[in-house]
>>> print(open('query09.cif').read())   # mmCIF, C-alpha atoms
data_input
#
loop_
_atom_site.label_atom_id
_atom_site.label_comp_id
_atom_site.auth_asym_id
_atom_site.auth_seq_id
_atom_site.Cartn_x
_atom_site.Cartn_y
_atom_site.Cartn_z
CA MET A 1 -18.50 -38.36 31.41
CA LYS A 2 -17.01 -41.59 30.07
CA LEU A 3 -13.61 -42.06 28.47
CA GLN A 4 -15.04 -44.44 25.87
CA ARG A 5 -17.31 -41.75 24.44
CA ILE A 6 -14.48 -39.24 24.36
CA LEU A 7 -12.28 -41.73 22.49
CA ALA A 8 -15.10 -42.34 20.01
CA ILE A 9 -15.27 -38.63 19.23
CA VAL A 10 -11.49 -38.51 18.89
CA GLU A 11 -11.52 -41.49 16.51
CA ARG A 12 -14.26 -39.98 14.37
CA ASP A 13 -12.48 -36.63 14.08
CA MET A 14 -9.12 -38.26 13.27
CA ARG A 15 -10.74 -40.33 10.53
CA LYS A 16 -12.18 -37.18 9.00
CA PHE A 17 -8.73 -35.61 9.11
CA PHE A 18 -6.99 -38.57 7.45
CA ARG A 19 -9.68 -38.77 4.76
CA SER A 20 -8.84 -35.22 3.63
CA PRO A 21 -5.38 -35.24 1.99
CA ALA A 22 -5.73 -31.59 1.03
CA LEU A 23 -6.23 -30.59 4.67
CA MET A 24 -3.23 -32.67 5.73
CA MET A 25 -1.09 -30.98 3.08
CA MET A 26 -2.24 -27.53 4.19
CA SER A 27 -1.40 -28.21 7.83
CA MET A 28 1.88 -30.11 7.40
CA ILE A 29 3.48 -29.60 3.99
CA PHE A 30 2.73 -25.91 3.35
CA PRO A 31 4.35 -24.64 6.59
CA LEU A 32 7.47 -26.64 5.71
CA MET A 33 7.51 -25.10 2.22
CA GLN A 34 7.08 -21.67 3.80
CA LEU A 35 10.06 -22.35 6.08
CA ILE A 36 12.28 -23.35 3.16
CA VAL A 37 11.24 -20.51 0.85
CA LEU A 38 11.39 -17.69 3.41
CA GLY A 39 14.47 -19.09 5.12
CA TYR A 40 16.54 -19.11 1.95
CA ALA A 41 14.97 -15.98 0.43
CA PHE A 42 15.59 -13.63 3.38
CA GLY A 43 18.71 -15.22 4.84
CA GLY A 44 21.85 -17.12 4.01
CA LYS A 45 24.78 -16.09 1.87
CA ILE A 46 24.42 -14.18 -1.36
CA MET A 47 26.37 -15.78 -4.19
CA GLY A 48 26.59 -15.33 -7.94
CA VAL A 49 25.13 -11.81 -8.11
CA LYS A 50 25.60 -10.50 -11.65
CA ILE A 51 27.05 -7.01 -11.94
CA ALA A 52 27.94 -5.10 -15.09
CA VAL A 53 31.33 -3.43 -15.40
CA VAL A 54 31.63 -0.65 -17.99
CA ASP A 55 35.30 0.24 -18.44
CA LYS A 56 35.74 3.38 -20.55
CA ASP A 57 39.33 3.97 -19.46
CA HIS A 58 41.10 0.77 -20.61
CA THR A 59 44.32 1.48 -18.73
CA SER A 60 46.35 -0.32 -16.08
CA ALA A 61 44.49 1.54 -13.32
CA SER A 62 41.08 0.43 -14.57
CA ARG A 63 42.35 -3.09 -15.23
CA ASP A 64 43.41 -3.23 -11.58
CA VAL A 65 39.80 -2.58 -10.57
CA ARG A 66 38.64 -5.28 -12.98
CA GLN A 67 41.14 -7.79 -11.59
CA ARG A 68 39.89 -7.19 -8.07
CA PHE A 69 36.37 -8.05 -9.22
CA ASP A 70 37.71 -11.24 -10.79
CA ALA A 71 39.37 -12.12 -7.48
CA VAL A 72 36.05 -11.76 -5.65
CA ALA A 73 34.29 -13.84 -8.32
CA ALA A 74 36.92 -16.59 -8.03
CA GLY A 75 37.16 -16.46 -4.22
CA PRO A 76 34.01 -15.75 -2.18
CA ARG A 77 31.92 -16.03 -5.38
CA THR A 78 29.66 -13.24 -4.23
CA LEU A 79 29.82 -11.50 -7.60
CA LYS A 80 29.62 -12.63 -11.19
CA VAL A 81 31.12 -9.97 -13.44
CA GLU A 82 29.76 -9.18 -16.90
CA ASP A 83 31.67 -6.82 -19.20
CA TYR A 84 29.69 -4.16 -21.08
CA SER A 85 30.93 -1.70 -23.66
CA SER A 86 28.00 0.72 -23.33
CA LEU A 87 26.62 2.30 -20.18
CA SER A 88 23.14 2.58 -21.70
CA ASP A 89 23.01 -1.16 -22.45
CA ALA A 90 24.12 -1.94 -18.90
CA VAL A 91 21.43 0.31 -17.41
CA VAL A 92 18.78 -1.31 -19.63
CA ASP A 93 19.81 -4.75 -18.40
CA LEU A 94 19.77 -3.40 -14.84
CA ARG A 95 16.18 -2.23 -15.28
CA THR A 96 15.11 -5.55 -16.76
CA GLY A 97 16.80 -7.57 -14.02
CA PHE A 98 19.61 -9.25 -15.98
CA VAL A 99 22.19 -7.61 -13.68
CA ARG A 100 21.84 -6.29 -10.13
CA ALA A 101 24.28 -3.36 -10.28
CA VAL A 102 26.47 -1.42 -12.72
CA VAL A 103 30.05 -0.28 -12.04
CA TYR A 104 31.09 2.55 -14.37
CA ILE A 105 34.76 3.51 -14.76
CA PRO A 106 34.88 6.88 -16.59
CA PRO A 107 37.39 7.58 -19.39
CA ASP A 108 39.34 10.07 -17.23
CA TYR A 109 39.80 7.66 -14.32
CA SER A 110 43.54 6.96 -14.81
CA ARG A 111 44.30 10.60 -15.62
CA ARG A 112 42.69 11.71 -12.36
CA VAL A 113 44.60 9.01 -10.48
CA ASN A 114 47.92 10.21 -11.90
CA GLN A 115 47.08 13.89 -11.37
CA GLY A 116 45.71 13.35 -7.88
CA ASN A 117 42.44 14.95 -8.99
CA ARG A 118 40.02 12.84 -6.95
CA PRO A 119 39.27 9.88 -9.27
CA ARG A 120 35.70 8.61 -9.27
CA ILE A 121 33.93 5.31 -9.84
CA ALA A 122 30.15 5.23 -10.25
CA PHE A 123 28.07 2.46 -8.68
CA ILE A 124 24.52 2.33 -10.09
CA GLU A 125 22.28 0.20 -7.89
CA ASP A 126 18.78 -1.22 -8.15
CA ASN A 127 17.28 0.32 -5.02
CA THR A 128 14.12 -1.81 -5.17
CA ASP A 129 15.94 -4.76 -3.54
CA ASN A 130 17.88 -3.43 -0.58
CA PHE A 131 18.84 -6.87 0.71
CA VAL A 132 20.99 -7.82 -2.30
CA THR A 133 22.03 -4.26 -3.16
CA ASN A 134 23.45 -3.54 0.30
CA GLU A 135 25.54 -6.70 0.17
CA VAL A 136 26.95 -5.80 -3.25
CA LEU A 137 27.56 -2.21 -2.14
CA SER A 138 29.48 -3.33 0.95
CA ARG A 139 31.63 -5.56 -1.23
CA MET A 140 32.24 -2.66 -3.62
CA GLN A 141 33.20 -0.35 -0.75
CA SER A 142 35.72 -2.89 0.55
CA LEU A 143 37.27 -3.11 -2.92
CA VAL A 144 37.59 0.68 -3.12
CA GLN A 145 39.19 0.75 0.33
CA ASP A 146 41.75 -1.82 -0.80
CA ILE A 147 42.56 0.32 -3.84
CA ASN A 148 42.89 3.41 -1.64
CA ARG A 149 45.31 1.61 0.65
CA GLY A 150 47.41 0.82 -2.40
CA LEU A 151 47.40 4.48 -3.46
CA ASN A 152 48.16 5.68 0.07
CA PRO A 153 50.56 3.21 1.74
CA PHE A 154 50.89 5.30 4.92
CA GLN A 155 48.33 4.66 7.61
CA PRO A 156 46.94 7.42 9.87
CA GLY A 157 49.29 8.18 12.78
CA GLN A 158 52.44 7.00 10.99
CA ARG A 159 55.46 9.34 11.09
CA LEU A 160 57.29 10.09 7.83
CA THR A 161 61.07 9.90 8.30
CA VAL A 162 61.97 10.82 4.71
CA PRO A 163 60.52 13.38 2.32
CA THR A 164 57.73 11.85 0.24
CA PRO A 165 55.76 13.06 -2.73
CA ARG A 166 52.25 14.32 -2.26
CA LEU A 167 49.93 11.47 -1.34
CA GLN A 168 47.21 10.55 -3.81
CA PRO A 169 43.67 11.49 -2.79
CA LEU A 170 41.20 8.71 -2.09
CA ILE A 171 38.99 7.32 -4.83
CA ASP A 172 35.45 8.61 -4.57
CA LEU A 173 32.75 5.94 -4.91
CA GLN A 174 29.58 7.65 -6.14
CA VAL A 175 26.41 5.66 -5.48
CA VAL A 176 23.60 6.34 -7.94
CA GLU A 177 20.12 4.92 -7.31
CA LEU A 178 18.35 3.65 -10.40
CA TYR A 179 14.89 4.79 -9.31
CA PRO A 180 13.92 7.98 -7.48
CA TYR A 181 13.10 7.88 -3.79
CA ILE A 182 9.58 6.67 -2.98
CA GLU A 183 8.02 7.08 0.44
CA TYR A 184 7.35 3.79 2.19
CA ILE A 185 3.62 4.44 2.50
CA LYS A 186 3.41 4.86 -1.28
CA TYR A 187 5.49 1.74 -1.77
CA LEU A 188 3.16 -0.20 0.55
CA LEU A 189 -0.04 1.02 -1.12
CA ALA A 190 0.18 -1.43 -4.05
CA GLY A 191 0.57 -4.36 -1.66
CA SER A 192 -2.42 -3.21 0.41
CA ILE A 193 -4.59 -3.01 -2.71
CA SER A 194 -3.56 -6.52 -3.77
CA MET A 195 -4.18 -7.81 -0.24
CA SER A 196 -7.72 -6.39 -0.18
CA ILE A 197 -8.54 -8.06 -3.51
CA PHE A 198 -6.97 -11.30 -2.31
CA ILE A 199 -9.05 -11.31 0.88
CA VAL A 200 -12.22 -10.84 -1.16
CA ALA A 201 -11.11 -13.67 -3.46
CA MET A 202 -10.57 -15.98 -0.50
CA ILE A 203 -13.75 -15.13 1.40
CA GLY A 204 -16.08 -14.30 -1.47
CA GLY A 205 -14.75 -16.89 -3.90
CA GLY A 206 -13.41 -20.19 -2.64
CA ILE A 207 -14.96 -20.27 0.82
CA THR A 208 -18.41 -19.21 -0.43
CA PHE A 209 -18.32 -21.92 -3.09
CA ILE A 210 -17.36 -24.63 -0.58
CA ASP A 211 -19.93 -23.48 2.00
CA ASP A 212 -22.74 -23.42 -0.55
CA LYS A 213 -21.76 -26.89 -1.70
CA SER A 214 -21.69 -28.27 1.86
CA ARG A 215 -25.09 -26.74 2.67
CA GLY A 216 -26.69 -28.23 -0.43
CA LEU A 217 -27.46 -24.89 -2.05
CA HIS A 218 -25.91 -25.99 -5.34
CA GLU A 219 -28.38 -28.87 -5.62
CA GLY A 220 -31.18 -26.39 -5.01
CA TYR A 221 -29.86 -24.12 -7.76
CA LEU A 222 -29.47 -27.00 -10.20
CA VAL A 223 -33.11 -28.01 -9.75
CA THR A 224 -33.97 -24.76 -11.53
CA PRO A 225 -33.08 -24.19 -15.22
CA ILE A 226 -29.72 -22.71 -14.14
CA LYS A 227 -26.74 -24.67 -15.48
CA LYS A 228 -23.61 -25.40 -13.50
CA SER A 229 -21.47 -23.24 -15.80
CA GLU A 230 -23.86 -20.33 -15.31
CA LEU A 231 -23.65 -20.81 -11.54
CA ILE A 232 -19.84 -20.74 -11.60
CA LEU A 233 -19.67 -17.72 -13.92
CA GLY A 234 -22.20 -15.85 -11.79
CA LEU A 235 -20.16 -16.43 -8.64
CA ILE A 236 -16.94 -15.44 -10.45
CA PHE A 237 -18.39 -12.19 -11.77
CA SER A 238 -19.95 -11.29 -8.42
CA GLY A 239 -16.63 -11.96 -6.68
CA ALA A 240 -14.80 -9.87 -9.28
CA ILE A 241 -17.21 -6.97 -8.70
CA LYS A 242 -16.66 -7.19 -4.94
CA GLY A 243 -12.91 -7.31 -5.45
CA LEU A 244 -13.09 -4.29 -7.75
CA MET A 245 -15.08 -2.39 -5.14
CA ALA A 246 -12.58 -3.27 -2.39
CA GLY A 247 -9.59 -2.40 -4.56
CA THR A 248 -11.10 0.91 -5.67
CA THR A 249 -11.94 1.89 -2.10
CA ILE A 250 -8.43 1.11 -0.83
CA THR A 251 -6.90 2.87 -3.84
CA ILE A 252 -8.80 6.13 -3.36
CA ILE A 253 -8.54 6.31 0.43
CA GLY A 254 -4.95 5.04 0.49
CA GLY A 255 -3.98 7.38 -2.34
CA LEU A 256 -5.33 10.37 -0.43
CA ILE A 257 -3.50 9.30 2.73
CA ALA A 258 -0.23 8.60 0.91
CA GLY A 259 -0.45 11.80 -1.15
CA ILE A 260 -0.38 10.26 -4.64
CA ASP A 261 0.06 12.90 -7.33
CA ARG A 262 -2.63 13.35 -9.99
CA LEU A 263 -4.94 10.85 -8.33
CA TRP A 264 -8.05 12.23 -10.08
CA ASP A 265 -6.57 12.22 -13.58
CA PRO A 266 -9.30 10.66 -15.82
CA VAL A 267 -6.82 8.70 -17.94
CA ARG A 268 -5.04 7.38 -14.86
CA LEU A 269 -8.37 6.41 -13.27
CA LEU A 270 -9.34 4.56 -16.46
CA TYR A 271 -6.09 2.58 -16.50
CA LEU A 272 -6.42 1.94 -12.78
CA GLY A 273 -9.95 0.58 -13.21
CA VAL A 274 -8.81 -1.79 -15.95
CA VAL A 275 -5.90 -3.05 -13.82
CA LEU A 276 -8.08 -3.54 -10.73
CA GLY A 277 -10.78 -5.29 -12.76
CA CYS A 278 -8.33 -7.70 -14.39
CA THR A 279 -6.63 -8.37 -11.04
CA SER A 280 -9.95 -9.10 -9.32
CA LEU A 281 -11.13 -11.36 -12.13
CA GLY A 282 -7.79 -13.19 -12.18
CA MET A 283 -7.66 -13.79 -8.42
CA ILE A 284 -11.29 -14.94 -8.23
CA SER A 285 -10.83 -17.29 -11.20
CA PHE A 286 -7.62 -18.66 -9.71
CA MET A 287 -9.32 -19.31 -6.37
CA PHE A 288 -12.19 -21.15 -8.07
CA LEU A 289 -9.69 -23.20 -10.05
CA ILE A 290 -8.06 -24.31 -6.80
CA MET A 291 -11.24 -24.93 -4.79
CA VAL A 292 -13.51 -26.44 -7.44
CA ARG A 293 -12.60 -30.03 -6.46
CA VAL A 294 -12.52 -29.44 -2.71
CA SER A 295 -15.42 -30.63 -0.59
CA ASP A 296 -14.06 -30.11 2.94
CA PRO A 297 -14.92 -26.57 4.17
CA LEU A 298 -11.84 -26.58 6.43
CA VAL A 299 -9.40 -26.68 3.49
CA PRO A 300 -9.92 -23.09 2.23
CA ARG A 301 -9.74 -21.78 5.79
CA ALA A 302 -6.45 -23.61 6.36
CA ALA A 303 -5.10 -22.23 3.07
CA PHE A 304 -6.19 -18.74 4.06
CA GLY A 305 -4.36 -19.07 7.39
CA VAL A 306 -1.15 -20.30 5.75
CA LEU A 307 -1.14 -17.51 3.15
CA ASN A 308 -2.00 -14.89 5.75
CA THR A 309 0.91 -16.04 7.93
CA ARG A 310 3.24 -15.89 4.92
CA SER A 311 2.19 -12.34 4.11
CA ARG A 312 2.87 -11.24 7.70
CA SER A 313 6.28 -12.94 7.66
CA SER A 314 7.14 -11.12 4.43
CA ALA A 315 6.02 -7.82 5.92
CA ALA A 316 8.30 -8.39 8.92
CA ARG A 317 11.34 -8.66 6.66
CA PRO A 318 14.14 -6.33 7.86
#
>>> encode(input="query09.cif", output="structure tokens")
Amino acid sequence: MKLQRILAIVERDMRKFFRSPALMMMSMIFPLMQLIVLGYAFGGKIMGVKIAVVDKDHTSASRDVRQRFDAVAAGPRTLKVEDYSSLSDAVVDLRTGFVRAVVYIPPDYSRRVNQGNRPRIAFIEDNTDNFVTNEVLSRMQSLVQDINRGLNPFQPGQRLTVPTPRLQPLIDLQVVELYPYIEYIKYLLAGSISMSIFIVAMIGGGITFIDDKSRGLHEGYLVTPIKKSELILGLIFSGAIKGLMAGTTITIIGGLIAGIDRLWDPVRLLYLGVVLGCTSLGMISFMFLIMVRVSDPLVPRAAFGVLNTRSRSSAARP
């Protein structure tokens, strides 16, 4: 064993690496992008979250609540308050993602405060994003606690030396979830179906195309009357069929395990087949669009490893 021969192999392999910019980007740039995206998406401070405030009371008591929101918006800048005159319009914007929560002050809020009849404030949250919603809810709870301390100036354990009027009851913050509760296994089923189709798109689409090109099979095909467009379309359709088979299998078995209602409904199965077919065709076509100019067989494998690591990091999100 000679060092000169080992160095020759090292030099040859390093030249192959530097002659493949796509492989260098996959191994160096993509992990850095993953660090930036995941680091700022799942961590850091939440700022500028839009919430809708629907004030149906229009009194000094409700204006006090509104002023406290303005103080948070001007200070920590966690919230960005939007005034709405209709609760239905605010809920529609909450469903479409224009706002992240709705605070509803009912028309009898000030009357209940004055009568000591347990005043209530409704907090409607988008329970599909717990990370942002929990932060907004904690801020809302701290605001309600500040208001309650103003209504009840005496702290627990304090002795009253003079007769005082009856203390006001605490404000009740009612949390309303926008969507009904969904079991986590049902919530995860859609991601598992997409992952199965994506794996087929990676293995049966891009990697197969690159491997066939590196082995010279494409030249053998093109000797026959088959055109290059026919070759690409054939591989796309075969990959879409395999993706549809994988998605259908995961859907049926996963639906039975998760206990999906009306799984065998013919109309639902028809819609499901159309969605799975379009998803498979879209992922396979997208993978061919990315890999059509790639000649190094290591590039799709590096891309597959980066994307697989990203999916596991997203699944480990608290």
>>> atom_distance(input="query09.cif", atom1="atom CA of Arg77 of chain A", atom2="atom CA of Met47 of chain A")
5.7 Å
>>> atom_distance(input="query09.cif", atom1="atom CA of Phe288 of chain A", atom2="atom CA of Gly254 of chain A")
28.5 Å
>>> resolve_selection(input="query09.cif", expression="the PyMOL selection byres ((chain A and resi 190) around 12)", output="PyMOL selection string")
chain A and resi 184-189+191-197+247-248+250-252+254-255+258+260+272+275-276+279
>>> atom_distance(input="query09.cif", atom1="atom CA of Arg100 of chain A", atom2="atom CA of Val136 of chain A")
8.6 Å
>>> closest_residue(input="query09.cif", among="A:Gly282, A:Val299, A:Val267, A:Glu177", to="Pro21 of chain A", atoms="all atoms listed in the file")
A:Val299
>>> closest_residue(input="query09.cif", among="A:Ile290, A:Pro225, A:Leu244, A:Ile253", to="Gly277 of chain A", atoms="only C-alpha atoms")
A:Leu244
